[in-house]
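The structure under discussion appears below in the form of structure tokens.
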Amino acid sequence: MRTDARRLITHLLSGEAKRSDFDAADLWRRQSPAHEREFAEAARLWRNLGAAGRDLVAQEGVPVWPSPAAPMSRRAMLVGGGALAAAAASAAVVMPPLGLWPSLDELRADYRTATGEQRRLMLPGDVAVRMNTQTAISVPVSHGDLDQITLIAGEASFEVPAQAARALVVAADSGLTIGSVARFDIRNFGNSVCVTCSQGKVRVESGPHVATLGANQQLRYDRAGLGQTVSVNPNDAAAWLDGVLIFRDTPLADVIAELNRYRPGKIVLMRSALANRTVNGRFRVDRIDDVLTWLAQAYGARTRSLPGGVMLVV
């Protein structure tokens with residue numbers, strides 16, 4: 001059973017899993033509390049072993065992982081096992097471990113993009129939307145003089161033309177962005193939301209806090225409130241629309257996190273000493289592996305490919 005759970009986690013993280021694979025994994029988990037516990041433990045191990053390389057040593061095609069930490073006592077297992085399994089199952093559906101599969105909210109989205117995919121939409125009211133990789137949104141719902149979209153996860157560009165009959169409201173995490181005759185981008189990665197106005201003006205609300213952004217201005221917000229408004233280079237802010245990533249004094253750890261959004265599998269930075277080294281450059285998203293090779297050479301590191309699209313930077 002433990003081997004089966006680890007096989008499932010390895011395949012789901014490979015970047016090659018299909019919706020049917022996620023359904024099969026969910027069915028396997030639901031067979032018994034023991035199945036759920038093994039699945040949750042396998043996911044926990046994958047996460048916790050990241051710093052050690054998640055060394056997937058293949059023996060007859062079976063990933064060999066280090067043993068987990070000391071198990072809980074039999075009494076604790078008997079008393080708390082059912083509750084733990086139920087909690088793990090609920091948490092895994094709402095917020096899947098490591099993002100191995102779409103969350104419940106993402107599965108309910110009207111539009112989603114896969115890793116490396118971009119998509120254009122024309123929504124009611126002549127609103128144009130460009131979705132970046134790993135993005136999920138719900139369709140507009142009219143509220144009086146407003147159309148509302150929810151950016152569940154990811155990044156998208158919104159354009160509200162002059163002929164639009166209504167203003168557009170985009171909900172992302174704890175805030176709202178309201179635009180009329182404007183073009184703006186929003187990135188929502190869970191803990192923080194970034195709003196960039198390219199044309200016109202937008203109003204950003206988070207709790208009792210309100211700010212107005214003009215062209216080429218940006219701010220971030222989270223559940224603590226709004227950050228400072230800053231000016232941005234319009235070419236940098238819109239580069240992703242052309243399949244380009246631009247980094248300016250960006251820590252290597254953040255660069256790798258961004259590359260992981262565009263590449264199936266997983267890139268793991270093994271050398272923590274490199275995490276805060278800064279990167280400056282302009283890179284094509286359709287040449288991610290070339291970018292990794294260049295970065296490794298620039299910082300005196302090497303890359304090592306493992307099964308399932310995993311690449312270590314060592």
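Following the order of the structure tokens, first chain is A, next is B, and so on, with residues numbered from 1 inside each chain and ligands from 1 in the order they appear.
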
If we count only C-alpha atoms, what is near Arg2 of chain A at a cut-off of 10 Å, once residues fewer than 4 positions away on the same chain are taken out, given as a PyMOL selection string?
chain A and resi 6-8+34-35+37-39+41-42

Please list as an MDAnalysis selection string every residue within 12 Å of Asp289 of chain A, counting only C-alpha atoms and excluding residues in the same chain fewer than 6 positions away.
chainID A and resid 256 259:260 262:267 283 295:296 303:305 309:313

Would you export the selected residues with N, CA and C atoms as a PDB file, in the first residue's frame, please?
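See again17.pdb below for the written result:
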```pdb
ATOM      1  N   ILE A 256      13.406  30.304  -9.831  1.00  0.00           N
ATOM      2  CA  ILE A 256      13.061  28.890 -10.012  1.00  0.00           C
ATOM      3  C   ILE A 256      11.586  28.645  -9.727  1.00  0.00           C
ATOM      4  N   LEU A 259       9.853  29.683 -12.852  1.00  0.00           N
ATOM      5  CA  LEU A 259      10.071  28.720 -13.939  1.00  0.00           C
ATOM      6  C   LEU A 259       9.208  27.479 -13.750  1.00  0.00           C
ATOM      7  N   ASN A 260       8.988  27.092 -12.501  1.00  0.00           N
ATOM      8  CA  ASN A 260       8.168  25.903 -12.230  1.00  0.00           C
ATOM      9  C   ASN A 260       6.723  26.078 -12.685  1.00  0.00           C
ATOM     10  N   TYR A 262       5.884  27.230 -15.531  1.00  0.00           N
ATOM     11  CA  TYR A 262       5.834  27.063 -16.979  1.00  0.00           C
ATOM     12  C   TYR A 262       6.335  25.702 -17.448  1.00  0.00           C
ATOM     13  N   ARG A 263       6.896  24.930 -16.545  1.00  0.00           N
ATOM     14  CA  ARG A 263       7.543  23.680 -16.939  1.00  0.00           C
ATOM     15  C   ARG A 263       6.910  22.494 -16.228  1.00  0.00           C
ATOM     16  N   PRO A 264       6.504  21.441 -16.966  1.00  0.00           N
ATOM     17  CA  PRO A 264       5.990  20.238 -16.309  1.00  0.00           C
ATOM     18  C   PRO A 264       7.058  19.621 -15.417  1.00  0.00           C
ATOM     19  N   GLY A 265       6.654  18.986 -14.334  1.00  0.00           N
ATOM     20  CA  GLY A 265       7.616  18.391 -13.416  1.00  0.00           C
ATOM     21  C   GLY A 265       7.958  19.347 -12.301  1.00  0.00           C
ATOM     22  N   LYS A 266       9.199  19.312 -11.869  1.00  0.00           N
ATOM     23  CA  LYS A 266       9.606  20.130 -10.727  1.00  0.00           C
ATOM     24  C   LYS A 266      11.089  20.437 -10.799  1.00  0.00           C
ATOM     25  N   ILE A 267      11.450  21.708 -10.609  1.00  0.00           N
ATOM     26  CA  ILE A 267      12.848  22.111 -10.494  1.00  0.00           C
ATOM     27  C   ILE A 267      13.133  22.307  -9.013  1.00  0.00           C
ATOM     28  N   PHE A 283      14.230  35.990 -20.626  1.00  0.00           N
ATOM     29  CA  PHE A 283      14.243  34.596 -21.042  1.00  0.00           C
ATOM     30  C   PHE A 283      12.922  34.200 -21.693  1.00  0.00           C
ATOM     31  N   LEU A 295      21.675  29.278 -16.184  1.00  0.00           N
ATOM     32  CA  LEU A 295      21.755  29.704 -14.791  1.00  0.00           C
ATOM     33  C   LEU A 295      22.750  28.853 -14.008  1.00  0.00           C
ATOM     34  N   ALA A 296      22.716  27.555 -14.248  1.00  0.00           N
ATOM     35  CA  ALA A 296      23.636  26.657 -13.541  1.00  0.00           C
ATOM     36  C   ALA A 296      25.080  27.014 -13.870  1.00  0.00           C
ATOM     37  N   THR A 303      23.058  20.762 -13.376  1.00  0.00           N
ATOM     38  CA  THR A 303      21.683  20.262 -13.369  1.00  0.00           C
ATOM     39  C   THR A 303      21.700  18.753 -13.525  1.00  0.00           C
ATOM     40  N   ARG A 304      20.757  18.121 -12.861  1.00  0.00           N
ATOM     41  CA  ARG A 304      20.638  16.669 -12.935  1.00  0.00           C
ATOM     42  C   ARG A 304      19.182  16.303 -13.154  1.00  0.00           C
ATOM     43  N   SER A 305      18.900  15.599 -14.232  1.00  0.00           N
ATOM     44  CA  SER A 305      17.532  15.219 -14.557  1.00  0.00           C
ATOM     45  C   SER A 305      17.177  13.894 -13.897  1.00  0.00           C
ATOM     46  N   GLY A 309      10.224  14.364 -14.882  1.00  0.00           N
ATOM     47  CA  GLY A 309      10.417  15.776 -15.150  1.00  0.00           C
ATOM     48  C   GLY A 309      11.072  16.532 -14.012  1.00  0.00           C
ATOM     49  N   VAL A 310      11.586  15.815 -13.009  1.00  0.00           N
ATOM     50  CA  VAL A 310      12.275  16.467 -11.889  1.00  0.00           C
ATOM     51  C   VAL A 310      13.682  16.836 -12.323  1.00  0.00           C
ATOM     52  N   MET A 311      14.078  18.069 -12.062  1.00  0.00           N
ATOM     53  CA  MET A 311      15.437  18.506 -12.358  1.00  0.00           C
ATOM     54  C   MET A 311      16.044  19.136 -11.116  1.00  0.00           C
ATOM     55  N   LEU A 312      17.210  18.635 -10.713  1.00  0.00           N
ATOM     56  CA  LEU A 312      17.909  19.178  -9.553  1.00  0.00           C
ATOM     57  C   LEU A 312      18.967  20.163 -10.018  1.00  0.00           C
ATOM     58  N   VAL A 313      19.062  21.278  -9.309  1.00  0.00           N
ATOM     59  CA  VAL A 313      20.148  22.240  -9.513  1.00  0.00           C
ATOM     60  C   VAL A 313      21.077  22.057  -8.325  1.00  0.00           C
TER      61      VAL A 313
END
```

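Atom CA of Arg261 of chain A sits 24.1 Å away from atom CA of Gly300 of chain A.
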
List every residue of segment 125-242 of chain A that DSSP, applied to the backbone of this structure, assigns to alpha helix (DSSP H), and report them as a list of chain:residue names.
A:Pro234, A:Asn235, A:Asp236, A:Ala237

File dump, residues just selected, N, CA, C and O atoms, as a short mmCIF file (atom, residue, chain, number, x, y, z; two decimals), in the first residue's frame:
```cif
data_model
loop_
_atom_site.label_atom_id
_atom_site.label_comp_id
_atom_site.auth_asym_id
_atom_site.auth_seq_id
_atom_site.Cartn_x
_atom_site.Cartn_y
_atom_site.Cartn_z
N PRO A 234 6.50 49.40 -18.17
CA PRO A 234 5.38 48.74 -18.85
C PRO A 234 5.79 47.54 -19.69
O PRO A 234 5.04 46.58 -19.82
N ASN A 235 6.99 47.58 -20.26
CA ASN A 235 7.47 46.46 -21.06
C ASN A 235 7.73 45.23 -20.20
O ASN A 235 7.44 44.10 -20.59
N ASP A 236 8.28 45.45 -19.02
CA ASP A 236 8.53 44.33 -18.10
C ASP A 236 7.21 43.73 -17.64
O ASP A 236 7.06 42.50 -17.59
N ALA A 237 6.26 44.59 -17.27
CA ALA A 237 5.01 44.11 -16.71
C ALA A 237 4.21 43.27 -17.70
O ALA A 237 3.51 42.33 -17.32
#
```

Going by DSSP on the backbone, which residues of segment 180-260 of chain A come out as strand (DSSP E)? List them as a PyMOL selection string.
chain A and resi 182-188+193-199+202-206+209-213+217-222+225-226+230-231+244-251

Nearest to Ala273 of chain A: which of A:Ala298, A:Ala153, A:Val314, A:Ile137 is it, counting only C-alpha atoms?
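Counting only C-alpha atoms, the residue closest to Ala273 of chain A is A:Val314.
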
Selection: 12 Å around Glu258 of chain A, only C-alpha atoms, excl. self and same-chain fewer than 6 positions, as a list in words:
Thr115, Gly116, Thr133, Gln134, Gly154, Glu155, Arg187, Phe189, Trp240, Val244, Leu245, Ile246, Phe247, Thr250, Pro251, Leu252, Lys266, Ile267, Phe283, Val285, Ile288 and Leu292 of chain A
